[in-house]
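Student: My structure is in upload-v3.cif, and what it holds is mmCIF, C-alpha atoms and all ligand atoms:
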```
data_entry
loop_
_atom_site.group_PDB
_atom_site.id
_atom_site.type_symbol
_atom_site.label_atom_id
_atom_site.label_comp_id
_atom_site.auth_asym_id
_atom_site.auth_seq_id
_atom_site.Cartn_x
_atom_site.Cartn_y
_atom_site.Cartn_z
ATOM 1 C CA MET A 1 124.014 -44.571 126.666
ATOM 2 C CA GLN A 2 120.652 -45.164 128.190
ATOM 3 C CA GLY A 3 120.307 -46.847 131.533
ATOM 4 C CA LYS A 4 122.698 -47.394 134.390
ATOM 5 C CA LEU A 5 126.050 -49.141 134.174
ATOM 6 C CA PHE A 6 125.989 -50.313 137.791
ATOM 7 C CA ASP A 7 123.415 -52.348 139.655
ATOM 8 C CA ASP A 8 122.329 -51.743 143.274
ATOM 9 C CA ASN A 9 125.379 -53.666 144.534
ATOM 10 C CA ARG A 10 127.687 -51.392 142.510
ATOM 11 C CA GLN A 11 128.510 -54.241 140.151
ATOM 12 C CA LEU A 12 129.146 -53.240 136.560
ATOM 13 C CA VAL A 13 126.323 -54.302 134.282
ATOM 14 C CA LEU A 14 127.292 -54.393 130.650
ATOM 15 C CA PRO A 15 124.895 -52.491 128.411
ATOM 16 C CA ARG A 16 123.515 -55.459 126.495
ATOM 17 C CA GLU A 17 122.776 -53.432 123.393
ATOM 18 C CA LEU A 18 126.517 -52.684 123.149
ATOM 19 C CA MET A 19 128.383 -55.677 124.561
ATOM 20 C CA ASP A 20 127.736 -59.340 125.206
ATOM 21 C CA TYR A 21 130.300 -61.213 127.293
ATOM 22 C CA THR A 22 130.422 -65.030 127.244
ATOM 23 C CA PRO A 23 133.013 -66.579 129.580
ATOM 24 C CA GLY A 24 134.113 -70.107 128.633
ATOM 25 C CA PHE A 25 133.060 -69.797 125.002
ATOM 26 C CA LEU A 26 135.930 -72.205 124.352
ATOM 27 C CA GLU A 27 136.503 -74.858 126.998
ATOM 28 C CA ARG A 28 139.816 -74.728 128.744
ATOM 29 C CA PRO A 29 141.638 -77.570 126.894
ATOM 30 C CA GLU A 30 140.495 -76.173 123.544
ATOM 31 C CA ALA A 31 141.548 -72.653 124.476
ATOM 32 C CA ASP A 32 144.948 -73.932 125.708
ATOM 33 C CA THR A 33 145.575 -75.816 122.455
ATOM 34 C CA LEU A 34 144.563 -72.877 120.282
ATOM 35 C CA LEU A 35 146.745 -70.449 122.258
ATOM 36 C CA THR A 36 149.847 -72.654 121.871
ATOM 37 C CA PHE A 37 149.126 -73.265 118.206
ATOM 38 C CA LEU A 38 148.696 -69.574 117.373
ATOM 39 C CA LEU A 39 151.740 -68.498 119.380
ATOM 40 C CA HIS A 40 153.905 -70.762 117.227
ATOM 41 C CA ASN A 41 152.221 -70.707 113.832
ATOM 42 C CA VAL A 42 151.186 -67.117 113.137
ATOM 43 C CA PRO A 43 153.706 -64.866 111.316
ATOM 44 C CA TRP A 44 153.471 -62.159 114.000
ATOM 45 C CA GLN A 45 154.555 -58.684 112.960
ATOM 46 C CA GLN A 46 155.115 -55.402 114.730
ATOM 47 C CA THR A 47 153.617 -52.712 112.499
ATOM 48 C CA LYS A 48 154.211 -48.970 112.445
ATOM 49 C CA VAL A 49 151.527 -46.346 112.775
ATOM 50 C CA LYS A 50 151.716 -42.638 112.145
ATOM 51 C CA MET A 51 151.113 -40.615 115.306
ATOM 52 C CA TYR A 52 151.078 -36.896 114.629
ATOM 53 C CA ASP A 53 154.309 -36.574 112.602
ATOM 54 C CA LYS A 54 156.163 -39.552 113.986
ATOM 55 C CA GLU A 55 156.130 -43.197 113.030
ATOM 56 C CA VAL A 56 155.829 -45.386 116.095
ATOM 57 C CA VAL A 57 155.780 -49.156 116.392
ATOM 58 C CA THR A 58 152.635 -50.652 117.851
ATOM 59 C CA PRO A 59 153.229 -51.975 121.388
ATOM 60 C CA ARG A 60 152.006 -55.481 120.455
ATOM 61 C CA LEU A 61 152.265 -57.878 117.525
ATOM 62 C CA THR A 62 149.495 -58.401 114.988
ATOM 63 C CA ALA A 63 148.423 -60.489 111.994
ATOM 64 C CA TRP A 64 145.489 -60.081 109.603
ATOM 65 C CA TYR A 65 143.761 -63.142 108.149
ATOM 66 C CA GLY A 66 140.887 -62.675 105.781
ATOM 67 C CA ASP A 67 139.285 -62.582 102.408
ATOM 68 C CA ARG A 68 140.331 -58.982 101.749
ATOM 69 C CA PRO A 69 142.445 -56.141 103.148
ATOM 70 C CA LEU A 70 141.326 -54.915 106.561
ATOM 71 C CA ARG A 71 140.583 -51.378 105.365
ATOM 72 C CA ALA A 72 141.259 -49.310 102.294
ATOM 73 C CA ASP A 73 144.010 -47.452 104.206
ATOM 74 C CA ASP A 74 145.676 -50.619 105.498
ATOM 75 C CA ARG A 75 148.353 -51.834 103.134
ATOM 76 C CA ARG A 76 148.831 -55.153 104.850
ATOM 77 C CA GLU A 77 148.100 -58.141 102.594
ATOM 78 C CA PRO A 78 145.658 -60.570 104.176
ATOM 79 C CA ILE A 79 147.110 -63.965 105.100
ATOM 80 C CA PRO A 80 144.981 -66.859 103.774
ATOM 81 C CA TRP A 81 142.771 -68.424 106.460
ATOM 82 C CA LEU A 82 144.250 -71.199 108.587
ATOM 83 C CA PRO A 83 141.903 -74.184 109.110
ATOM 84 C CA GLU A 84 142.153 -73.610 112.893
ATOM 85 C CA LEU A 85 140.919 -70.024 112.456
ATOM 86 C CA GLN A 86 138.175 -71.091 110.044
ATOM 87 C CA MET A 87 136.951 -73.516 112.672
ATOM 88 C CA VAL A 88 136.721 -70.781 115.316
ATOM 89 C CA ARG A 89 135.098 -68.444 112.796
ATOM 90 C CA GLN A 90 132.384 -71.030 112.093
ATOM 91 C CA ARG A 91 131.743 -71.555 115.795
ATOM 92 C CA ILE A 92 131.445 -67.801 116.370
ATOM 93 C CA GLU A 93 129.212 -67.315 113.323
ATOM 94 C CA ALA A 94 126.909 -70.118 114.489
ATOM 95 C CA PHE A 95 126.776 -68.654 118.021
ATOM 96 C CA THR A 96 126.212 -65.024 117.024
ATOM 97 C CA GLY A 97 124.274 -65.490 113.777
ATOM 98 C CA MET A 98 126.644 -62.978 112.173
ATOM 99 C CA ALA A 99 129.128 -63.301 109.302
ATOM 100 C CA PHE A 100 132.750 -62.184 109.546
ATOM 101 C CA GLN A 101 135.196 -61.889 106.647
ATOM 102 C CA GLY A 102 138.436 -61.538 108.529
ATOM 103 C CA VAL A 103 140.198 -61.797 111.834
ATOM 104 C CA LEU A 104 142.785 -59.407 113.258
ATOM 105 C CA LEU A 105 145.008 -61.161 115.770
ATOM 106 C CA ASN A 106 146.746 -59.263 118.556
ATOM 107 C CA LEU A 107 149.585 -60.737 120.588
ATOM 108 C CA TYR A 108 150.319 -59.025 123.908
ATOM 109 C CA ARG A 109 153.660 -60.610 124.784
ATOM 110 C CA ASP A 110 153.447 -59.502 128.425
ATOM 111 C CA GLY A 111 151.960 -56.744 130.595
ATOM 112 C CA ASN A 112 154.030 -54.156 128.797
ATOM 113 C CA ASP A 113 152.130 -54.664 125.532
ATOM 114 C CA SER A 114 148.910 -52.709 125.075
ATOM 115 C CA VAL A 115 146.468 -50.990 122.767
ATOM 116 C CA ALA A 116 145.730 -47.294 123.332
ATOM 117 C CA TRP A 117 142.233 -45.753 123.503
ATOM 118 C CA HIS A 118 140.501 -46.122 120.145
ATOM 119 C CA ALA A 119 137.273 -47.094 118.434
ATOM 120 C CA ASP A 120 137.349 -49.595 115.596
ATOM 121 C CA LYS A 121 136.968 -47.986 112.234
ATOM 122 C CA ASP A 122 136.432 -50.792 109.761
ATOM 123 C CA THR A 123 132.917 -49.813 108.976
ATOM 124 C CA VAL A 124 130.858 -47.817 106.540
ATOM 125 C CA PRO A 125 129.694 -44.520 108.096
ATOM 126 C CA GLY A 126 126.263 -44.917 109.574
ATOM 127 C CA ARG A 127 126.530 -48.682 109.884
ATOM 128 C CA LYS A 128 126.859 -50.490 113.150
ATOM 129 C CA THR A 129 130.086 -52.457 113.291
ATOM 130 C CA GLU A 130 129.967 -55.827 114.948
ATOM 131 C CA ILE A 131 133.195 -57.327 116.215
ATOM 132 C CA ALA A 132 133.528 -60.686 117.938
ATOM 133 C CA SER A 133 136.561 -60.748 120.201
ATOM 134 C CA LEU A 134 137.947 -64.033 121.518
ATOM 135 C CA SER A 135 140.542 -63.920 124.293
ATOM 136 C CA LEU A 136 143.209 -66.519 125.011
ATOM 137 C CA GLY A 137 145.922 -66.605 127.656
ATOM 138 C CA ALA A 138 146.659 -63.997 130.308
ATOM 139 C CA GLU A 139 143.610 -62.180 131.659
ATOM 140 C CA ARG A 140 143.710 -58.468 130.796
ATOM 141 C CA SER A 141 141.416 -55.574 131.628
ATOM 142 C CA PHE A 142 139.335 -54.197 128.787
ATOM 143 C CA ASP A 143 138.573 -50.543 129.626
ATOM 144 C CA PHE A 144 135.895 -48.521 127.908
ATOM 145 C CA ARG A 145 134.628 -44.946 128.137
ATOM 146 C CA ARG A 146 132.336 -42.616 126.237
ATOM 147 C CA LYS A 147 134.042 -40.513 123.586
ATOM 148 C CA ASP A 148 132.331 -37.377 124.904
ATOM 149 C CA ASP A 149 132.799 -38.035 128.625
ATOM 150 C CA HIS A 150 136.094 -39.333 129.923
ATOM 151 C CA THR A 151 135.129 -39.028 133.589
ATOM 152 C CA GLY A 152 133.429 -42.416 133.649
ATOM 153 C CA ARG A 153 135.675 -45.363 132.836
ATOM 154 C CA TYR A 154 134.514 -48.952 133.016
ATOM 155 C CA SER A 155 136.465 -52.148 132.970
ATOM 156 C CA ILE A 156 135.910 -55.859 132.509
ATOM 157 C CA LYS A 157 138.385 -58.722 132.689
ATOM 158 C CA LEU A 158 138.649 -60.772 129.534
ATOM 159 C CA GLN A 159 139.161 -64.374 130.568
ATOM 160 C CA HIS A 160 140.927 -67.206 128.756
ATOM 161 C CA GLY A 161 138.456 -68.705 126.273
ATOM 162 C CA SER A 162 135.903 -65.880 126.588
ATOM 163 C CA LEU A 163 134.024 -64.156 123.787
ATOM 164 C CA LEU A 164 133.123 -60.460 123.844
ATOM 165 C CA LEU A 165 130.680 -59.343 121.186
ATOM 166 C CA MET A 166 130.877 -55.603 120.503
ATOM 167 C CA LYS A 167 127.866 -54.197 118.687
ATOM 168 C CA GLY A 168 125.333 -51.404 118.286
ATOM 169 C CA ASP A 169 126.712 -47.891 118.721
ATOM 170 C CA LEU A 170 129.759 -49.012 120.708
ATOM 171 C CA GLN A 171 132.318 -47.949 118.085
ATOM 172 C CA LEU A 172 130.387 -44.770 117.330
ATOM 173 C CA HIS A 173 130.068 -43.378 120.867
ATOM 174 C CA TRP A 174 132.624 -45.310 122.927
ATOM 175 C CA GLU A 175 136.318 -46.084 122.843
ATOM 176 C CA HIS A 176 138.261 -48.932 124.396
ATOM 177 C CA ARG A 177 141.800 -49.961 125.302
ATOM 178 C CA ILE A 178 143.974 -52.614 126.888
ATOM 179 C CA ALA A 179 146.243 -50.708 129.289
ATOM 180 C CA LYS A 180 149.739 -51.746 130.219
ATOM 181 C CA SER A 181 150.024 -53.630 133.494
ATOM 182 C CA ASN A 182 152.812 -53.950 136.063
ATOM 183 C CA VAL A 183 151.687 -57.433 136.973
ATOM 184 C CA ILE A 184 154.061 -60.139 135.730
ATOM 185 C CA MET A 185 152.058 -62.156 133.241
ATOM 186 C CA GLY A 186 152.376 -64.436 130.258
ATOM 187 C CA PRO A 187 151.195 -63.767 126.724
ATOM 188 C CA ARG A 188 147.636 -63.047 125.670
ATOM 189 C CA ILE A 189 146.217 -63.489 122.179
ATOM 190 C CA ASN A 190 143.061 -61.713 121.144
ATOM 191 C CA LEU A 191 141.199 -62.608 117.962
ATOM 192 C CA THR A 192 138.908 -59.866 116.677
ATOM 193 C CA PHE A 193 136.587 -61.248 113.994
ATOM 194 C CA ARG A 194 135.541 -58.415 111.739
ATOM 195 C CA LYS A 195 133.211 -57.532 108.927
ATOM 196 C CA VAL A 196 135.015 -56.168 105.914
ATOM 197 C CA ILE A 197 132.875 -54.009 103.712
ATOM 198 C CA LEU A 198 134.439 -52.550 100.573
HETATM 199 O O1 LIG B 1 142.822 -57.106 122.806
HETATM 200 C C1 LIG B 1 141.650 -56.738 122.914
HETATM 201 O O2 LIG B 1 140.849 -57.283 123.673
HETATM 202 C C2 LIG B 1 141.159 -55.554 122.120
HETATM 203 C C3 LIG B 1 141.825 -55.409 120.794
HETATM 204 C C4 LIG B 1 141.271 -54.253 120.019
HETATM 205 O O3 LIG B 1 140.651 -53.380 120.558
HETATM 206 C C5 LIG B 1 141.426 -54.184 118.563
HETATM 207 O O4 LIG B 1 142.098 -55.036 117.965
HETATM 208 O O5 LIG B 1 140.862 -53.272 117.957
HETATM 209 FE FE FE B 2 139.505 -52.251 119.144
#
```
As a first step, turn the structure in this file into structure tokens.

Tutor:
Amino acid sequence: MQGKLFDDNRQLVLPRELMDYTPGFLERPEADTLLTFLLHNVPWQQTKVKMYDKEVVTPRLTAWYGDRPLRADDRREPIPWLPELQMVRQRIEAFTGMAFQGVLLNLYRDGNDSVAWHADKDTVPGRKTEIASLSLGAERSFDFRRKDDHTGRYSIKLQHGSLLLMKGDLQLHWEHRIAKSNVIMGPRINLTFRKVIL
């Protein structure tokens, strides 16, 4: 990464070539309505992933809506788009000028749900993956660090109704996570709009 991550007041400055954060992308009433709707109308599933030799269940619930499978190695059938998700997709496409073919939904039921350090893989090698990530519900910390240097770790809070656009070399050189939290909190839904290239 070029440039500094902190300004003179030690405030974190997001590297704009990697991340764009827009608080209040959805206004509060809209975000509230969408959160309630998705909590009750999405067929949430807890999937299994292979870790070393063991199968473990993911510590959150997910659902994949889209035109095609998420990745060649993901056997999950896409769920046909809901009008409510199409509407958000159009808003995000108009705002970012980018096209997305699917959305992976994550439900963090409480502070005990999480996603471990990872970079998002749904890309063709050499291409820059763009992911638009809309957050609803409980505010969680989004941590990120360089793949080759784990000494520096940075964190931003993802607010209800906010949009985080991940772009550039972020998935290539950085990884991110949502850590577990001891704070008592309600559910959070995160919508990651993705490009699906086959
Ligand atoms: O919940 C989030 O904000 C991040 C989710 C994520 O990293 C992913 O779905 O790949
Ligand atoms: Fe991710």

Student: What separation in Å, quoted to one decimal, exists between atom CA of A:Glu130 and atom CA of A:Leu164?

Tutor: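 Computing the Euclidean distance for atom CA of A:Glu130 and atom CA of A:Leu164 yields 10.5 Å.
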
Student: Please find the residues contacting ligand FE 2 (chain B) at a distance of at most 12 Å between atoms, with all atoms listed in the file counted, and report them as a ChimeraX atom specification.

Tutor: /A:104-106,114-122,129-133,142-144,164-167,170-172,174-178,190-194

Student: Quick one: pull the distance between atom CA of A:Asp7 and atom CA of A:Tyr21, Å, one decimal.

Tutor: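 Between atom CA of A:Asp7 and atom CA of A:Tyr21 the gap is 16.7 Å.
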
Student: Counting only C-alpha atoms, what is within 9 Å of A:Leu163, bar same-chain residues fewer than 2 positions away, as number ranges by chain?

Tutor: A: 20-26, 92, 132-135, 158-159, 161, 165

Student: Save out the residues we just selected, C-alpha atoms, as a JSON list (two decimals), keeping the file's coordinate frame.

Tutor:
```json
[["chain", "number", "residue", "atom", "x", "y", "z"],
["A", 20, "ASP", "CA", 127.74, -59.34, 125.21],
["A", 21, "TYR", "CA", 130.30, -61.21, 127.29],
["A", 22, "THR", "CA", 130.42, -65.03, 127.24],
["A", 23, "PRO", "CA", 133.01, -66.58, 129.58],
["A", 24, "GLY", "CA", 134.11, -70.11, 128.63],
["A", 25, "PHE", "CA", 133.06, -69.80, 125.00],
["A", 26, "LEU", "CA", 135.93, -72.20, 124.35],
["A", 92, "ILE", "CA", 131.44, -67.80, 116.37],
["A", 132, "ALA", "CA", 133.53, -60.69, 117.94],
["A", 133, "SER", "CA", 136.56, -60.75, 120.20],
["A", 134, "LEU", "CA", 137.95, -64.03, 121.52],
["A", 135, "SER", "CA", 140.54, -63.92, 124.29],
["A", 158, "LEU", "CA", 138.65, -60.77, 129.53],
["A", 159, "GLN", "CA", 139.16, -64.37, 130.57],
["A", 161, "GLY", "CA", 138.46, -68.70, 126.27],
["A", 165, "LEU", "CA", 130.68, -59.34, 121.19]]
```

Student: Edge lengths and centre in Å to one decimal, as AutoDock Vina command-line options, of the axis-aligned box that encloses all listed atoms of ligand LIG 1 (chain B) with 6 Å added on every side?

Tutor:
```
--center_x 141.7 --center_y -55.3 --center_z 120.8 --size_x 14.2 --size_y 16.0 --size_z 17.7
```

Student: Using Å and a single decimal, report how far atom CA of A:Glu27 sits from atom CA of A:Gly137.

Tutor: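 So the two atoms, atom CA of A:Gly137 and atom CA of A:Glu27, lie 12.5 Å apart.
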
Student: Measuring between only C-alpha atoms and all ligand atoms, which one of A:Glu93, A:Asp169, A:Asp67, A:Asp113 shows the shortest distance to ligand LIG 1 (chain B)?

Tutor: A:Asp113

Student: Could you tell me which residues the PyMOL selection byres (((chain A and resi 188) around 10) and not hetatm) returns for this structure, as a PyMOL selection string?

Tutor: chain A and resi 35+39+106-111+113+135-140+159-160+185-187+189-190

Student: When the PyMOL selection byres (((chain A and resi 155) around 9) and not hetatm) is applied to the file above, which residues end up in the set, as a list in words?

Tutor: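 Selection result, ordered by chain and number: Leu12, Ser141, Phe142, Asp143, Phe144, Arg145, Arg153, Tyr154, Ile156 and Lys157 of chain A.
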
Student: Show which residues sit within 10 Å of A:Val13, as a count of residues only. Count all atoms listed in the file, and ignore same-chain residues fewer than 2 positions away.

Tutor: 11

Student: Looking at A:Ile79, A:Val57, A:Val88, A:Ala179, which one is nearest to ligand LIG 1 (chain B), with distances taken over all atoms listed in the file?

Tutor: A:Ala179

Student: Excluding same-chain residues fewer than 2 positions from A:Lys48, what lies within 9 Å of it counting all atoms listed in the file, as a ChimeraX atom specification?

Tutor: /A:46,50,55-58

Student: Expand the PyMOL selection byres (((chain A and resi 45) around 6) and not hetatm) into the individual residues it matches in the shown file, reporting them as a PDB file with C-alpha atoms, keeping the file's coordinate frame.

Tutor:
```pdb
ATOM      1  CA  TRP A  44     153.471 -62.159 114.000  1.00  0.00           C
ATOM      2  CA  GLN A  46     155.115 -55.402 114.730  1.00  0.00           C
ATOM      3  CA  LEU A  61     152.265 -57.878 117.525  1.00  0.00           C
ATOM      4  CA  THR A  62     149.495 -58.401 114.988  1.00  0.00           C
TER       5      THR A  62
END
```

Student: Extract, using only C-alpha atoms, all DNA, RNA and protein residues at most 9 Å from stretch 81-86 of chain A, discarding same-chain residues fewer than 2 positions from it, and format them as a VMD selection string.

Tutor: chain A and resid 34 37 to 38 65 to 67 78 to 79 88 to 91 102 to 103
